[in-house]
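Structure file protein.pdb (PDB, C-alpha atoms and all ligand atoms) is printed below.
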```
ATOM      1  CA  MET R   1     -48.819 -17.013 -27.650  1.00  0.00           C
ATOM      2  CA  SER R   2     -46.614 -14.433 -25.906  1.00  0.00           C
ATOM      3  CA  GLU R   3     -42.894 -15.155 -25.937  1.00  0.00           C
ATOM      4  CA  PHE R   4     -41.630 -17.147 -22.973  1.00  0.00           C
ATOM      5  CA  GLU R   5     -38.604 -15.899 -21.069  1.00  0.00           C
ATOM      6  CA  ILE R   6     -35.925 -17.904 -19.345  1.00  0.00           C
ATOM      7  CA  LYS R   7     -34.609 -16.502 -16.095  1.00  0.00           C
ATOM      8  CA  ILE R   8     -32.174 -17.506 -13.400  1.00  0.00           C
ATOM      9  CA  LEU R   9     -33.800 -18.287 -10.064  1.00  0.00           C
ATOM     10  CA  THR R  10     -32.420 -16.778  -6.869  1.00  0.00           C
ATOM     11  CA  ALA R  11     -33.288 -17.431  -3.226  1.00  0.00           C
ATOM     12  CA  LYS R  12     -35.752 -14.538  -3.382  1.00  0.00           C
ATOM     13  CA  ASN R  13     -37.844 -16.529  -5.882  1.00  0.00           C
ATOM     14  CA  TRP R  14     -38.190 -19.614  -3.714  1.00  0.00           C
ATOM     15  CA  GLU R  15     -41.999 -19.539  -3.765  1.00  0.00           C
ATOM     16  CA  LEU R  16     -42.092 -19.478  -7.557  1.00  0.00           C
ATOM     17  CA  TYR R  17     -39.600 -22.325  -7.654  1.00  0.00           C
ATOM     18  CA  LYS R  18     -41.504 -24.322  -5.019  1.00  0.00           C
ATOM     19  CA  SER R  19     -44.735 -23.995  -6.959  1.00  0.00           C
ATOM     20  CA  ALA R  20     -43.159 -25.064 -10.276  1.00  0.00           C
ATOM     21  CA  ARG R  21     -41.161 -27.907  -8.763  1.00  0.00           C
ATOM     22  CA  LEU R  22     -44.125 -29.358  -6.843  1.00  0.00           C
ATOM     23  CA  SER R  23     -46.244 -29.070 -10.008  1.00  0.00           C
ATOM     24  CA  SER R  24     -43.598 -31.022 -11.905  1.00  0.00           C
ATOM     25  CA  LEU R  25     -43.458 -33.796  -9.303  1.00  0.00           C
ATOM     26  CA  ARG R  26     -47.247 -34.058  -9.202  1.00  0.00           C
ATOM     27  CA  ASP R  27     -47.554 -33.985 -12.989  1.00  0.00           C
ATOM     28  CA  SER R  28     -44.692 -36.326 -13.891  1.00  0.00           C
ATOM     29  CA  PRO R  29     -43.989 -38.756 -11.028  1.00  0.00           C
ATOM     30  CA  ASP R  30     -42.078 -41.173 -13.277  1.00  0.00           C
ATOM     31  CA  SER R  31     -39.716 -38.514 -14.613  1.00  0.00           C
ATOM     32  CA  PHE R  32     -37.814 -37.757 -11.418  1.00  0.00           C
ATOM     33  CA  GLY R  33     -35.902 -39.653  -8.750  1.00  0.00           C
ATOM     34  CA  SER R  34     -37.548 -37.525  -6.072  1.00  0.00           C
ATOM     35  CA  THR R  35     -41.276 -37.549  -5.312  1.00  0.00           C
ATOM     36  CA  TYR R  36     -44.037 -35.086  -4.517  1.00  0.00           C
ATOM     37  CA  ASP R  37     -44.488 -36.690  -1.087  1.00  0.00           C
ATOM     38  CA  GLN R  38     -40.801 -36.153  -0.261  1.00  0.00           C
ATOM     39  CA  GLU R  39     -40.606 -32.555  -1.397  1.00  0.00           C
ATOM     40  CA  THR R  40     -43.969 -31.351  -0.161  1.00  0.00           C
ATOM     41  CA  THR R  41     -42.658 -31.801   3.396  1.00  0.00           C
ATOM     42  CA  LEU R  42     -39.774 -29.347   2.852  1.00  0.00           C
ATOM     43  CA  SER R  43     -39.947 -26.215   4.977  1.00  0.00           C
ATOM     44  CA  ASP R  44     -39.964 -22.743   3.458  1.00  0.00           C
ATOM     45  CA  ALA R  45     -36.399 -22.293   4.705  1.00  0.00           C
ATOM     46  CA  GLU R  46     -35.337 -25.456   2.874  1.00  0.00           C
ATOM     47  CA  TRP R  47     -36.871 -24.253  -0.400  1.00  0.00           C
ATOM     48  CA  GLN R  48     -35.128 -20.953   0.036  1.00  0.00           C
ATOM     49  CA  SER R  49     -31.765 -22.473   0.844  1.00  0.00           C
ATOM     50  CA  ARG R  50     -31.916 -24.749  -2.205  1.00  0.00           C
ATOM     51  CA  LEU R  51     -31.568 -21.613  -4.276  1.00  0.00           C
ATOM     52  CA  ASP R  52     -28.930 -20.008  -2.051  1.00  0.00           C
ATOM     53  CA  LEU R  53     -25.971 -21.183  -4.069  1.00  0.00           C
ATOM     54  CA  LYS R  54     -23.392 -19.170  -2.108  1.00  0.00           C
ATOM     55  CA  PHE R  55     -24.583 -20.560   1.206  1.00  0.00           C
ATOM     56  CA  ARG R  56     -24.495 -24.101  -0.215  1.00  0.00           C
ATOM     57  CA  ASP R  57     -21.119 -23.406  -1.834  1.00  0.00           C
ATOM     58  CA  ILE R  58     -22.261 -24.918  -5.122  1.00  0.00           C
ATOM     59  CA  ASP R  59     -21.948 -23.985  -8.774  1.00  0.00           C
ATOM     60  CA  ALA R  60     -25.367 -24.359 -10.328  1.00  0.00           C
ATOM     61  CA  LEU R  61     -27.754 -22.704 -12.756  1.00  0.00           C
ATOM     62  CA  PRO R  62     -31.379 -22.942 -11.561  1.00  0.00           C
ATOM     63  CA  LEU R  63     -33.625 -21.802 -14.409  1.00  0.00           C
ATOM     64  CA  VAL R  64     -37.296 -21.026 -14.741  1.00  0.00           C
ATOM     65  CA  ALA R  65     -39.201 -20.442 -17.972  1.00  0.00           C
ATOM     66  CA  GLU R  66     -41.871 -17.800 -17.500  1.00  0.00           C
ATOM     67  CA  LEU R  67     -44.853 -16.895 -19.625  1.00  0.00           C
ATOM     68  CA  ASP R  68     -46.826 -13.805 -18.654  1.00  0.00           C
ATOM     69  CA  GLY R  69     -45.148 -13.890 -15.235  1.00  0.00           C
ATOM     70  CA  LYS R  70     -46.107 -17.508 -14.523  1.00  0.00           C
ATOM     71  CA  PRO R  71     -43.593 -20.357 -14.196  1.00  0.00           C
ATOM     72  CA  VAL R  72     -44.053 -22.812 -17.080  1.00  0.00           C
ATOM     73  CA  GLY R  73     -40.753 -24.679 -16.993  1.00  0.00           C
ATOM     74  CA  VAL R  74     -37.817 -25.520 -14.776  1.00  0.00           C
ATOM     75  CA  ALA R  75     -34.335 -26.994 -15.201  1.00  0.00           C
ATOM     76  CA  TRP R  76     -31.068 -26.986 -13.291  1.00  0.00           C
ATOM     77  CA  GLY R  77     -27.483 -27.162 -14.434  1.00  0.00           C
ATOM     78  CA  PHE R  78     -25.259 -28.426 -11.624  1.00  0.00           C
ATOM     79  CA  ILE R  79     -21.511 -28.942 -11.349  1.00  0.00           C
ATOM     80  CA  HIS R  80     -20.606 -31.345  -8.551  1.00  0.00           C
ATOM     81  CA  LYS R  81     -17.226 -31.134  -6.888  1.00  0.00           C
ATOM     82  CA  PRO R  82     -14.694 -32.523  -7.454  1.00  0.00           C
ATOM     83  CA  ASP R  83     -15.435 -33.238 -11.130  1.00  0.00           C
ATOM     84  CA  LEU R  84     -15.701 -29.739 -12.498  1.00  0.00           C
ATOM     85  CA  ARG R  85     -15.652 -30.972 -16.103  1.00  0.00           C
ATOM     86  CA  ILE R  86     -19.224 -32.320 -15.986  1.00  0.00           C
ATOM     87  CA  ALA R  87     -22.387 -30.222 -15.924  1.00  0.00           C
ATOM     88  CA  HIS R  88     -25.355 -32.312 -14.760  1.00  0.00           C
ATOM     89  CA  ILE R  89     -28.904 -31.528 -15.793  1.00  0.00           C
ATOM     90  CA  TYR R  90     -31.718 -32.044 -13.307  1.00  0.00           C
ATOM     91  CA  GLN R  91     -35.397 -31.275 -12.761  1.00  0.00           C
ATOM     92  CA  MET R  92     -36.226 -30.624 -16.435  1.00  0.00           C
ATOM     93  CA  TRP R  93     -39.948 -29.974 -16.740  1.00  0.00           C
ATOM     94  CA  VAL R  94     -42.320 -27.990 -18.933  1.00  0.00           C
ATOM     95  CA  SER R  95     -45.941 -27.326 -18.073  1.00  0.00           C
ATOM     96  CA  PRO R  96     -48.188 -29.756 -20.044  1.00  0.00           C
ATOM     97  CA  GLU R  97     -50.166 -27.063 -21.878  1.00  0.00           C
ATOM     98  CA  LEU R  98     -46.963 -25.460 -23.182  1.00  0.00           C
ATOM     99  CA  ARG R  99     -45.119 -28.506 -24.389  1.00  0.00           C
ATOM    100  CA  GLY R 100     -43.916 -28.794 -27.966  1.00  0.00           C
ATOM    101  CA  LYS R 101     -43.044 -25.102 -28.234  1.00  0.00           C
ATOM    102  CA  GLY R 102     -39.282 -25.352 -27.768  1.00  0.00           C
ATOM    103  CA  ILE R 103     -39.165 -24.391 -24.070  1.00  0.00           C
ATOM    104  CA  ALA R 104     -37.148 -27.449 -22.997  1.00  0.00           C
ATOM    105  CA  LYS R 105     -34.733 -26.971 -25.872  1.00  0.00           C
ATOM    106  CA  SER R 106     -34.215 -23.342 -24.833  1.00  0.00           C
ATOM    107  CA  LEU R 107     -33.566 -24.399 -21.232  1.00  0.00           C
ATOM    108  CA  LEU R 108     -30.992 -26.897 -22.499  1.00  0.00           C
ATOM    109  CA  ARG R 109     -29.308 -24.243 -24.626  1.00  0.00           C
ATOM    110  CA  GLU R 110     -28.950 -21.957 -21.621  1.00  0.00           C
ATOM    111  CA  ILE R 111     -27.418 -24.736 -19.560  1.00  0.00           C
ATOM    112  CA  GLU R 112     -25.115 -25.646 -22.449  1.00  0.00           C
ATOM    113  CA  ALA R 113     -23.872 -22.039 -22.742  1.00  0.00           C
ATOM    114  CA  TRP R 114     -23.339 -21.863 -18.979  1.00  0.00           C
ATOM    115  CA  ALA R 115     -21.509 -25.221 -18.899  1.00  0.00           C
ATOM    116  CA  ILE R 116     -19.181 -24.133 -21.690  1.00  0.00           C
ATOM    117  CA  SER R 117     -18.546 -20.835 -19.918  1.00  0.00           C
ATOM    118  CA  ARG R 118     -17.555 -22.842 -16.832  1.00  0.00           C
ATOM    119  CA  GLY R 119     -15.072 -24.887 -18.865  1.00  0.00           C
ATOM    120  CA  CYS R 120     -17.053 -28.140 -18.729  1.00  0.00           C
ATOM    121  CA  GLY R 121     -16.341 -30.774 -21.362  1.00  0.00           C
ATOM    122  CA  LEU R 122     -19.491 -32.810 -20.860  1.00  0.00           C
ATOM    123  CA  MET R 123     -23.154 -32.527 -19.938  1.00  0.00           C
ATOM    124  CA  ALA R 124     -24.807 -35.492 -18.244  1.00  0.00           C
ATOM    125  CA  LEU R 125     -28.296 -36.549 -17.203  1.00  0.00           C
ATOM    126  CA  ALA R 126     -30.467 -39.593 -16.652  1.00  0.00           C
ATOM    127  CA  VAL R 127     -33.820 -40.134 -18.347  1.00  0.00           C
ATOM    128  CA  THR R 128     -36.569 -42.675 -17.701  1.00  0.00           C
ATOM    129  CA  THR R 129     -36.416 -45.114 -20.598  1.00  0.00           C
ATOM    130  CA  SER R 130     -40.197 -45.078 -21.140  1.00  0.00           C
ATOM    131  CA  ASN R 131     -40.273 -41.265 -21.384  1.00  0.00           C
ATOM    132  CA  GLU R 132     -40.343 -40.925 -25.156  1.00  0.00           C
ATOM    133  CA  ALA R 133     -40.671 -37.126 -25.215  1.00  0.00           C
ATOM    134  CA  ALA R 134     -37.642 -36.617 -22.976  1.00  0.00           C
ATOM    135  CA  VAL R 135     -35.527 -39.297 -24.668  1.00  0.00           C
ATOM    136  CA  ASN R 136     -36.259 -37.645 -28.038  1.00  0.00           C
ATOM    137  CA  LEU R 137     -35.524 -34.206 -26.633  1.00  0.00           C
ATOM    138  CA  TYR R 138     -32.090 -35.230 -25.390  1.00  0.00           C
ATOM    139  CA  ARG R 139     -31.232 -37.286 -28.490  1.00  0.00           C
ATOM    140  CA  SER R 140     -32.206 -34.467 -30.805  1.00  0.00           C
ATOM    141  CA  PHE R 141     -30.071 -32.091 -28.742  1.00  0.00           C
ATOM    142  CA  GLY R 142     -26.998 -34.305 -29.119  1.00  0.00           C
ATOM    143  CA  PHE R 143     -26.995 -36.535 -26.039  1.00  0.00           C
ATOM    144  CA  ILE R 144     -26.087 -40.196 -26.409  1.00  0.00           C
ATOM    145  CA  ALA R 145     -26.705 -43.131 -24.080  1.00  0.00           C
ATOM    146  CA  ALA R 146     -23.748 -43.828 -21.793  1.00  0.00           C
ATOM    147  CA  GLY R 147     -23.593 -46.567 -19.214  1.00  0.00           C
ATOM    148  CA  GLN R 148     -25.900 -49.080 -17.628  1.00  0.00           C
ATOM    149  CA  LEU R 149     -29.570 -48.633 -16.915  1.00  0.00           C
ATOM    150  CA  GLU R 150     -30.322 -47.827 -13.283  1.00  0.00           C
ATOM    151  CA  GLU R 151     -33.467 -47.981 -11.163  1.00  0.00           C
ATOM    152  CA  LEU R 152     -35.389 -44.688 -11.067  1.00  0.00           C
ATOM    153  CA  ARG R 153     -35.644 -45.201  -7.309  1.00  0.00           C
ATOM    154  CA  ILE R 154     -34.825 -48.119  -5.077  1.00  0.00           C
ATOM    155  CA  GLY R 155     -37.332 -50.849  -5.861  1.00  0.00           C
ATOM    156  CA  SER R 156     -38.855 -48.993  -8.830  1.00  0.00           C
ATOM    157  CA  GLU R 157     -39.829 -50.913 -11.970  1.00  0.00           C
ATOM    158  CA  ARG R 158     -38.902 -47.863 -14.032  1.00  0.00           C
ATOM    159  CA  MET R 159     -35.358 -47.633 -15.297  1.00  0.00           C
ATOM    160  CA  VAL R 160     -33.282 -44.582 -16.201  1.00  0.00           C
ATOM    161  CA  GLN R 161     -30.681 -44.348 -18.953  1.00  0.00           C
ATOM    162  CA  PRO R 162     -27.631 -42.164 -18.262  1.00  0.00           C
ATOM    163  CA  MET R 163     -26.870 -39.921 -21.260  1.00  0.00           C
ATOM    164  CA  VAL R 164     -23.988 -37.571 -22.021  1.00  0.00           C
ATOM    165  CA  MET R 165     -23.152 -34.898 -24.532  1.00  0.00           C
ATOM    166  CA  LYS R 166     -19.672 -33.631 -25.308  1.00  0.00           C
ATOM    167  CA  LEU R 167     -18.999 -29.911 -25.128  1.00  0.00           C
ATOM    168  CA  ASN R 168     -15.747 -29.407 -26.831  1.00  0.00           C
ATOM    169  CA  SER R 169     -15.974 -26.829 -29.512  1.00  0.00           C
ATOM    170  CA  ALA R 170     -15.711 -23.079 -29.368  1.00  0.00           C
ATOM    171  CA  ALA R 171     -17.528 -23.036 -32.704  1.00  0.00           C
ATOM    172  CA  GLN R 172     -20.431 -24.901 -31.165  1.00  0.00           C
ATOM    173  CA  HIS R 173     -20.529 -22.275 -28.430  1.00  0.00           C
ATOM    174  CA  SER R 174     -20.588 -19.290 -30.718  1.00  0.00           C
ATOM    175  CA  ASN R 175     -22.903 -20.774 -33.323  1.00  0.00           C
ATOM    176  CA  ARG R 176     -25.477 -22.289 -31.077  1.00  0.00           C
ATOM    177  CA  SER R 177     -25.453 -21.183 -27.494  1.00  0.00           C
ATOM    178  CA  LEU R 178     -24.778 -17.511 -28.020  1.00  0.00           C
ATOM    179  CA  ARG R 179     -27.605 -17.415 -30.505  1.00  0.00           C
ATOM    180  CA  SER R 180     -29.892 -18.866 -27.872  1.00  0.00           C
ATOM    181  CA  LEU R 181     -28.712 -16.409 -25.246  1.00  0.00           C
ATOM    182  CA  GLY R 182     -29.719 -13.648 -27.606  1.00  0.00           C
ATOM    183  CA  ARG R 183     -33.190 -15.127 -27.827  1.00  0.00           C
ATOM    184  CA  ALA R 184     -33.932 -16.243 -24.318  1.00  0.00           C
ATOM    185  CA  LYS R 185     -31.908 -13.615 -22.434  1.00  0.00           C
ATOM    186  CA  ALA R 186     -31.542 -15.544 -19.199  1.00  0.00           C
ATOM    187  CA  ARG R 187     -31.080 -13.153 -16.360  1.00  0.00           C
ATOM    188  CA  ALA R 188     -31.523 -13.183 -12.640  1.00  0.00           C
ATOM    189  CA  LEU R 189     -35.068 -12.784 -11.419  1.00  0.00           C
ATOM    190  CA  THR R 190     -35.413 -10.106  -8.835  1.00  0.00           C
TER
HETATM  191  C1  LIG J   1     -39.680 -33.745 -21.935  1.00  0.00           C
HETATM  192  C2  LIG J   1     -40.179 -32.320 -21.863  1.00  0.00           C
HETATM  193  C3  LIG J   1     -39.294 -31.539 -20.865  1.00  0.00           C
HETATM  194  C4  LIG J   1     -40.072 -31.674 -23.260  1.00  0.00           C
HETATM  195  O1  LIG J   1     -40.425 -30.305 -23.135  1.00  0.00           O
HETATM  196  P1  LIG J   1     -40.943 -29.447 -24.415  1.00  0.00           P
HETATM  197  O2  LIG J   1     -40.809 -28.019 -24.059  1.00  0.00           O
HETATM  198  O3  LIG J   1     -42.274 -29.942 -24.832  1.00  0.00           O
HETATM  199  O4  LIG J   1     -39.874 -29.855 -25.523  1.00  0.00           O
HETATM  200  P2  LIG J   1     -39.512 -29.005 -26.807  1.00  0.00           P
HETATM  201  O5  LIG J   1     -40.742 -28.368 -27.339  1.00  0.00           O
HETATM  202  O6  LIG J   1     -38.350 -28.122 -26.499  1.00  0.00           O
HETATM  203  O7  LIG J   1     -39.105 -30.162 -27.817  1.00  0.00           O
HETATM  204  C5  LIG J   1     -37.776 -30.375 -28.191  1.00  0.00           C
HETATM  205  C6  LIG J   1     -37.641 -31.739 -28.847  1.00  0.00           C
HETATM  206  O8  LIG J   1     -37.998 -32.775 -27.923  1.00  0.00           O
HETATM  207  C7  LIG J   1     -38.642 -33.863 -28.605  1.00  0.00           C
HETATM  208  N1  LIG J   1     -40.010 -33.989 -28.089  1.00  0.00           N
HETATM  209  C8  LIG J   1     -40.653 -33.122 -27.265  1.00  0.00           C
HETATM  210  N2  LIG J   1     -41.878 -33.586 -26.977  1.00  0.00           N
HETATM  211  C9  LIG J   1     -42.030 -34.753 -27.641  1.00  0.00           C
HETATM  212  C10 LIG J   1     -43.081 -35.715 -27.721  1.00  0.00           C
HETATM  213  N3  LIG J   1     -44.242 -35.559 -27.066  1.00  0.00           N
HETATM  214  N4  LIG J   1     -42.876 -36.814 -28.472  1.00  0.00           N
HETATM  215  C11 LIG J   1     -41.732 -36.996 -29.125  1.00  0.00           C
HETATM  216  N5  LIG J   1     -40.680 -36.126 -29.084  1.00  0.00           N
HETATM  217  C12 LIG J   1     -40.840 -35.021 -28.353  1.00  0.00           C
HETATM  218  C13 LIG J   1     -38.620 -33.506 -30.063  1.00  0.00           C
HETATM  219  O9  LIG J   1     -37.427 -34.027 -30.616  1.00  0.00           O
HETATM  220  C14 LIG J   1     -38.558 -31.980 -30.027  1.00  0.00           C
HETATM  221  O10 LIG J   1     -37.956 -31.426 -31.158  1.00  0.00           O
HETATM  222  P3  LIG J   1     -38.896 -31.016 -32.412  1.00  0.00           P
HETATM  223  O11 LIG J   1     -39.975 -30.142 -31.854  1.00  0.00           O
HETATM  224  O12 LIG J   1     -37.931 -30.286 -33.290  1.00  0.00           O
HETATM  225  O13 LIG J   1     -39.414 -32.283 -32.959  1.00  0.00           O
HETATM  226  C15 LIG J   1     -41.684 -32.254 -21.426  1.00  0.00           C
HETATM  227  O14 LIG J   1     -42.419 -33.171 -22.207  1.00  0.00           O
HETATM  228  C16 LIG J   1     -41.895 -32.560 -19.963  1.00  0.00           C
HETATM  229  O15 LIG J   1     -41.826 -31.676 -19.121  1.00  0.00           O
HETATM  230  N6  LIG J   1     -42.169 -33.839 -19.626  1.00  0.00           N
HETATM  231  C17 LIG J   1     -42.428 -34.217 -18.229  1.00  0.00           C
HETATM  232  C18 LIG J   1     -41.192 -34.065 -17.356  1.00  0.00           C
HETATM  233  C19 LIG J   1     -40.016 -34.825 -17.919  1.00  0.00           C
HETATM  234  O16 LIG J   1     -40.182 -35.915 -18.450  1.00  0.00           O
HETATM  235  N7  LIG J   1     -38.806 -34.276 -17.743  1.00  0.00           N
HETATM  236  C20 LIG J   1     -37.589 -34.894 -18.185  1.00  0.00           C
HETATM  237  C21 LIG J   1     -36.860 -35.453 -17.001  1.00  0.00           C
HETATM  238  S1  LIG J   1     -35.355 -36.279 -17.520  1.00  0.00           S
END
```

Using structure tokens, write down the structure from this file.
Ligand SMILES: CC(C)(COP(=O)(O)OP(=O)(O)OC[C@H]1O[C@@H](n2cnc3c(N)ncnc32)[C@H](O)[C@@H]1OP(=O)(O)O)[C@@H](O)C(=O)NCCC(=O)NCCS
Amino acid sequence: MSEFEIKILTAKNWELYKSARLSSLRDSPDSFGSTYDQETTLSDAEWQSRLDLKFRDIDALPLVAELDGKPVGVAWGFIHKPDLRIAHIYQMWVSPELRGKGIAKSLLREIEAWAISRGCGLMALAVTTSNEAAVNLYRSFGFIAAGQLEELRIGSERMVQPMVMKLNSAAQHSNRSLRSLGRAKARALT
């Protein structure tokens, strides 16, 4: 297999992002709060503006994993005002045929490095309790359960578990995240 690359999405790449995100919602409807039906109605301008971080005045890291120029994974890091100490992780997805090759872990490492560089003390996410692969991914990365279970969506039988991971050590940054930056070389897509 060729080496996958992790890149930062910009508004110019909205079509690539749209294709990967809609694939993820179609492929894994129980993994996300949003649905394919909701997002497939978004206009091109809305897809584009999602990635226009300056226009939205947000601090976020939208990532795509690419293999041979095709999107095979997505994840976002997102810092919501006013709590600038927490980096949230959203939209984590890896294409089914490329799972088990460390792509999700690499996406997490990039977000971790970014969160530390932004001065965050915590990463946070929510994972569907029945999603064994994702629960294992986050546990093995260092996340722990925090807080009450919540409904995936209003009225859903599926529940999500909030999880957090502390980011408090410069040593952790240099030993782990910088190593991953060397490998994955996240950079802006043009
Ligand atoms: C969860 C998901 C993102 C994992 O992506 P991936 O690239 O296959 O994961 P990685 O190869 O980086 O695996 C990292 C770790 O996750 C865990 N893991 C991944 N897949 C697993 C599986 N099928 N069963 C059990 N554990 C699994 C393991 O601990 C693994 O570490 P190891 O390989 O050292 O054992 C992927 O299965 C996916 O996209 N699922 C559908 C969407 C989704 O559920 N997203 C999460 C939303 S919160």

Please identify every residue of region 139-162 of chain R that has at least one atom no farther than 12 Å from an atom of region 93-108 of chain R, counting all atoms listed in the file, and for each give the shortest atom pair and the distance in Å to one decimal, arranged by chain then increasing number, as a Markdown table.
```
| residue | atom | partner | partner_atom | distance |
| --- | --- | --- | --- | --- |
| R:Arg139 | CA | R:Lys105 | CA | 11.2 |
| R:Ser140 | CA | R:Lys105 | CA | 9.3 |
| R:Phe141 | CA | R:Lys105 | CA | 7.5 |
| R:Gly142 | CA | R:Leu108 | CA | 10.7 |
| R:Phe143 | CA | R:Leu108 | CA | 11.0 |
```

How would the residues just chosen look if you wrote them out with C-alpha atoms as a compact mmCIF listing (two decimals), in the frame of the given file?
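Contents of part.txt, freshly written:
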```txt
# COMPACT_ATOMS: atom_id res chain seq x y z
CA ARG R 139 -31.23 -37.29 -28.49
CA SER R 140 -32.21 -34.47 -30.80
CA PHE R 141 -30.07 -32.09 -28.74
CA GLY R 142 -27.00 -34.30 -29.12
CA PHE R 143 -27.00 -36.53 -26.04
```

> Between R:Trp76, R:Phe32, R:Phe55, R:Trp14, which one has atoms that come closest to ligand LIG 1 (chain J), using only C-alpha atoms and all ligand atoms?
Replying inline: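 Using only C-alpha atoms and all ligand atoms, the shortest distance to ligand LIG 1 (chain J) belongs to R:Phe32.
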
> Between CA of Ile8 (chain R) and CA of Ala115 (chain R), what is the spacing in Å?
Replying inline: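 These atoms are spaced 14.3 Å apart.
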
> Do you know which residues the PyMOL selection byres (((chain R and resi 122-136) around 7) and not hetatm) returns on this file, as an MDAnalysis selection string?
Replying inline: chainID R and resid 31 85:90 120:121 137:140 158:167

Listed atoms of ligand LIG 1 (chain J) boxed along x, y and z, 6 Å each side, centre and edge lengths in Å, one decimal, as AutoDock Vina command-line options:
```
--center_x -39.8 --center_y -32.5 --center_z -25.1 --size_x 20.9 --size_y 21.0 --size_z 28.3
```

> Counting all atoms listed in the file, which of R:Gly33, R:Leu67, R:Asp52, R:Thr41 gets nearest to Ala11 (chain R)?
Replying inline: R:Asp52

> Which value, in Å to one decimal, gives the distance between atom N6 of ligand LIG 1 (chain J) and CA of Leu63 (chain R)?
Replying inline: 15.7 Å

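Between CA of Lys70 (chain R) and CA of Ser24 (chain R) there is a distance of 14.0 Å.
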
> Could you list as a ChimeraX atom specification every residue that has an atom within 9 Å of (-37.8, -17.8, -2.1), using the file's coordinates and counting only C-alpha atoms?
Replying inline: /R:9-18,44-45,47-49,51

Applying 7 Å and only C-alpha atoms, which residues near Glu5 (chain R) remain after dropping the ones on its own chain fewer than 2 positions away? List them as a PDB file with C-alpha atoms, in the frame of the given file.
```pdb
ATOM      1  CA  GLU R   3     -42.894 -15.155 -25.937  1.00  0.00           C
ATOM      2  CA  LYS R   7     -34.609 -16.502 -16.095  1.00  0.00           C
ATOM      3  CA  ALA R  65     -39.201 -20.442 -17.972  1.00  0.00           C
ATOM      4  CA  GLU R  66     -41.871 -17.800 -17.500  1.00  0.00           C
ATOM      5  CA  LEU R  67     -44.853 -16.895 -19.625  1.00  0.00           C
ATOM      6  CA  ALA R 184     -33.932 -16.243 -24.318  1.00  0.00           C
TER       7      ALA R 184
END
```

Atoms added to region 97-109 of chain R (N, CA and C atoms), reported as a CSV table (one decimal), in the frame of the given file:
```
chain,number,residue,atom,x,y,z
R,97,GLU,N,-49.5,-27.8,-20.8
R,97,GLU,CA,-50.2,-27.1,-21.9
R,97,GLU,C,-49.2,-26.3,-22.8
R,98,LEU,N,-47.9,-26.2,-22.4
R,98,LEU,CA,-47.0,-25.5,-23.2
R,98,LEU,C,-45.9,-26.3,-23.8
R,99,ARG,N,-46.1,-27.6,-23.8
R,99,ARG,CA,-45.1,-28.5,-24.4
R,99,ARG,C,-45.1,-28.4,-25.9
R,100,GLY,N,-44.0,-28.8,-26.5
R,100,GLY,CA,-43.9,-28.8,-28.0
R,100,GLY,C,-43.7,-27.4,-28.6
R,101,LYS,N,-43.3,-26.5,-27.7
R,101,LYS,CA,-43.0,-25.1,-28.2
R,101,LYS,C,-41.6,-24.7,-28.1
R,102,GLY,N,-40.7,-25.7,-27.8
R,102,GLY,CA,-39.3,-25.4,-27.8
R,102,GLY,C,-38.8,-24.8,-26.4
R,103,ILE,N,-39.6,-24.9,-25.4
R,103,ILE,CA,-39.2,-24.4,-24.1
R,103,ILE,C,-38.0,-25.3,-23.5
R,104,ALA,N,-38.2,-26.6,-23.5
R,104,ALA,CA,-37.1,-27.4,-23.0
R,104,ALA,C,-35.8,-27.3,-23.8
R,105,LYS,N,-35.9,-27.2,-25.1
R,105,LYS,CA,-34.7,-27.0,-25.9
R,105,LYS,C,-34.0,-25.7,-25.5
R,106,SER,N,-34.8,-24.6,-25.2
R,106,SER,CA,-34.2,-23.3,-24.8
R,106,SER,C,-33.6,-23.5,-23.5
R,107,LEU,N,-34.2,-24.2,-22.6
R,107,LEU,CA,-33.6,-24.4,-21.2
R,107,LEU,C,-32.2,-25.1,-21.4
R,108,LEU,N,-32.2,-26.1,-22.3
R,108,LEU,CA,-31.0,-26.9,-22.5
R,108,LEU,C,-29.9,-26.0,-23.1
R,109,ARG,N,-30.3,-25.1,-24.0
R,109,ARG,CA,-29.3,-24.2,-24.6
R,109,ARG,C,-28.7,-23.3,-23.6
```
